[in-house]
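Everything on this sheet refers to the single structure shown next.
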Amino acid sequence: MKQEAQQVSSQVGTVVACQANYYQVRFLVAGEPLYFLCTRRARLKKLGQQVVVGDQVVVEEMDWQDQRGAIATIHPRNNLLDRPPVSNVDQILLVFALAEPQLDPIQLSRFLVKAESTGIPVRLCLNKRDLLTPEDIEQWQARLGVWGYKPTFVSVQTDPCLPSTLMDTLKQRVTVVAGPSGVGKSSLLNRLVPDVDARTNTVSGKLGRGRHTTRHVELFGLPGGGLLADTPGFNQPDITCDVAMLMRCFPEIRRSQGQCQFNDCVHRDEPGCCVRGDWERYPHYLSLLDEVLQHQQQQEHRPDAEAVEKVKMGSDGQVQHEPKLEAKKYRQKSRRRKHQDLQDMCYDVMGADSIDDLDDAVLEEYGF
Ligand SMILES: Nc1nc2c(ncn2[C@@H]2O[C@H](COP(=O)(O)OP(=O)(O)OP(=O)(O)O)[C@@H](O)[C@H]2O)c(=O)[nH]1
Ligand SMILES: [Mg+2]
Ligand SMILES: [Zn+2]
């Protein structure tokens, strides 16, 4: 059976890591994972199609001896997270610590909204339960239940077995672990994939978002099936979705959807609004609403002359250009820099073989 499977010259696999011009692609052969080191066909490069971790790809010219091949086609993506770039994600596992660092409800809200705004199912995992009393844990459970979440409480460090609710949700799914720095994301990965050398405490950089760590995302195969990617922690995700999406990001608002008098109610000061009220996260919602409206206003009042393009990867793998609208663009730039911005970006991005080939400054500038 295995022998027969090894005869094929082309097969669909999952990209689990990208490094320079090479991609590690995982195949299941007779139920066992096999990893091939692959290049990308020149045709994909010409089409401007980037390969990202999570992509389902057709690998051709498979050399079963040396486990090498060439990526010929990227299957259409179900979704694409941009930071770090991972596609076909089944769920986001949002990890927070109950203590050390102390659980900040506003920060948790912000992360939840950011995760929900991707449209990808979100699961909440609260780590370091060894540091809290059972009473405190019960209080958090009740409180977050009212928010609309049913977190899994865990101590990655001291639990003899990780909870079955957590293990079950990871089975056969592609999961991206996200959350602030120091909450135990890498520790969890180490626990789940015992032979992995995911270093803990490695986040670097001024913003707590090391460039290299964000880019070198990798999907690890779990012993019970499923794939898991660790991400570096950062403490303040931007909320850049629109108002309609913001409302969808709150389970409390989703629950009362359609009950407002006006279809376009933003639940702020409209008369007869039944969402407005004394629910715990209502102030979080109002503050994020202000932020989102402000962001929207900034976009609307952006002078055209200052428009700078942003490079995004479409779900089809094509590089797309869209106006970059962040406040960052108002920074003073040298004349040469202004003139060359757009051109540089086109050449740098389109001419590169993979994200890893791009200049760090270009990636930063254009929001990768
Ligand atoms: N008390 C306690 N400490 C834990 C637990 N899990 C992890 N830690 C500790 O928390 C610290 C941070 O853990 P990491 O796994 O590096 O956290 P991280 O989320 O990957 O952090 P970044 O990579 O900075 O985003 C380490 O010192 C761990 O030993 C736990 O269950 N209980
Ligand atoms: Mg980490
Ligand atoms: Zn309303």
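Identifiers in this document derive from the order of the structure tokens: chains are assigned A, B, ..., residues are numbered from 1 separately in each chain, and ligands are numbered from 1 in order of occurrence.
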Closest atom pairs, residues of region 60-139 of chain A within 10 Å of region 266-289 of chain A, only C-alpha atoms, as a tab-separated table:
residue	atom	partner	partner_atom	distance
A:Pro105	CA	A:Arg281	CA	8.8
A:Ile106	CA	A:His284	CA	6.6
A:Gln107	CA	A:His284	CA	9.6
A:Ser109	CA	A:His284	CA	7.1
A:Arg110	CA	A:Leu288	CA	8.1
A:Val113	CA	A:Leu288	CA	9.2
Per-residue DSSP, region 247-309 of chain A, filtered to helix (DSSP H, G or I), as a ChimeraX atom specification: /A:247-248,251-255,282-300,304-306
Among listed residues A:Gln299, A:Pro223, A:Asp290, A:Val193, nearest Gly31 (chain A) (using only C-alpha atoms):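 Nearest to Gly31 (chain A): A:Pro223.
Among the candidates A:His295, A:Pro251, A:Leu80, A:Phe27, the one nearest to Leu144 (chain A) when counting only C-alpha atoms is A:Pro251.
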Would you mind listing what lies within 9 Å of Leu188 (chain A) as a CSV table (one decimal) with N, CA and C atoms, in the first residue's frame, with only C-alpha atoms counted and same-chain residues fewer than 5 positions away left out?
chain,number,residue,atom,x,y,z
A,156,VAL,N,-0.8,24.9,31.7
A,156,VAL,CA,0.1,24.2,30.8
A,156,VAL,C,1.2,23.6,31.6
A,157,GLN,N,1.6,24.4,32.6
A,157,GLN,CA,2.8,24.0,33.4
A,157,GLN,C,2.5,22.8,34.3
A,193,VAL,N,3.3,19.3,21.3
A,193,VAL,CA,4.2,18.7,20.3
A,193,VAL,C,5.6,18.5,21.0
A,230,ASP,N,2.0,28.4,16.3
A,230,ASP,CA,2.3,29.4,17.4
A,230,ASP,C,2.4,30.8,16.8
If you count only C-alpha atoms, which residues fall within 7 Å of Val53 (chain A), apart from same-chain ones fewer than 4 positions away, as a PDB file with C-alpha atoms, in the first residue's frame?
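The file below, out23.pdb, is the result:
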ATOM      1  CA  VAL A  15       2.511  23.961   3.208  1.00  0.00           C
ATOM      2  CA  VAL A  16       3.694  23.916   6.817  1.00  0.00           C
ATOM      3  CA  ALA A  17       6.721  26.212   6.635  1.00  0.00           C
ATOM      4  CA  CYS A  18       8.331  28.713   4.266  1.00  0.00           C
ATOM      5  CA  PRO A  85       0.396  34.969   6.955  1.00  0.00           C
ATOM      6  CA  VAL A  86      -1.439  31.655   7.377  1.00  0.00           C
ATOM      7  CA  SER A  87      -4.236  30.369   5.155  1.00  0.00           C
ATOM      8  CA  GLU A 218       5.140  27.143  11.084  1.00  0.00           C
TER       9      GLU A 218
END
For ligand 2, the nearest of the candidates A:Phe220, A:Tyr35, A:Phe111, A:Phe234, counting only C-alpha atoms and all ligand atoms: A:Phe234
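Residues in contact with Val154 (chain A) at up to 8 Å, not including ones fewer than 6 positions away on its chain and judged by only C-alpha atoms, are Cys125, Leu126, Asn127, Lys128, Arg129, Leu162 and Pro163 of chain A.
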Near-Pro180 (chain A) list (7 Å; only C-alpha atoms; drop same-chain fewer than 6 positions) as a ChimeraX atom specification: /A:96,233-235
Take the selection from the previous step and output its residues with N, CA and C atoms, as a PDB file, in the first residue's frame.
ATOM      1  N   PHE A  96      -5.013  33.488  26.904  1.00  0.00           N
ATOM      2  CA  PHE A  96      -4.719  34.541  27.880  1.00  0.00           C
ATOM      3  C   PHE A  96      -4.291  33.860  29.165  1.00  0.00           C
ATOM      4  N   GLY A 233       3.543  36.872  20.676  1.00  0.00           N
ATOM      5  CA  GLY A 233       2.545  37.701  21.340  1.00  0.00           C
ATOM      6  C   GLY A 233       2.750  39.167  21.040  1.00  0.00           C
ATOM      7  N   PHE A 234       1.672  39.886  20.930  1.00  0.00           N
ATOM      8  CA  PHE A 234       1.757  41.345  20.883  1.00  0.00           C
ATOM      9  C   PHE A 234       0.585  41.825  21.717  1.00  0.00           C
ATOM     10  N   ASN A 235       0.721  43.024  22.250  1.00  0.00           N
ATOM     11  CA  ASN A 235      -0.198  43.371  23.323  1.00  0.00           C
ATOM     12  C   ASN A 235      -1.350  44.287  22.952  1.00  0.00           C
TER      13      ASN A 235
END
Shell of 6 Å around ligand 1 (only C-alpha atoms and all ligand atoms), written as a list in words: Asn127, Lys128, Asp130, Leu131, Ser155, Val156, Gln157, Thr158, Pro180, Ser181, Gly182, Val183, Gly184, Lys185, Ser186, Ser187, Thr200, Asn201, Thr202, Val203, Pro232 and Gly233 of chain A
Of the listed residues A:Thr231, A:Ser117, A:Thr39, A:Gln24, that which approaches ligand 2 most closely, counting only C-alpha atoms and all ligand atoms: A:Thr231
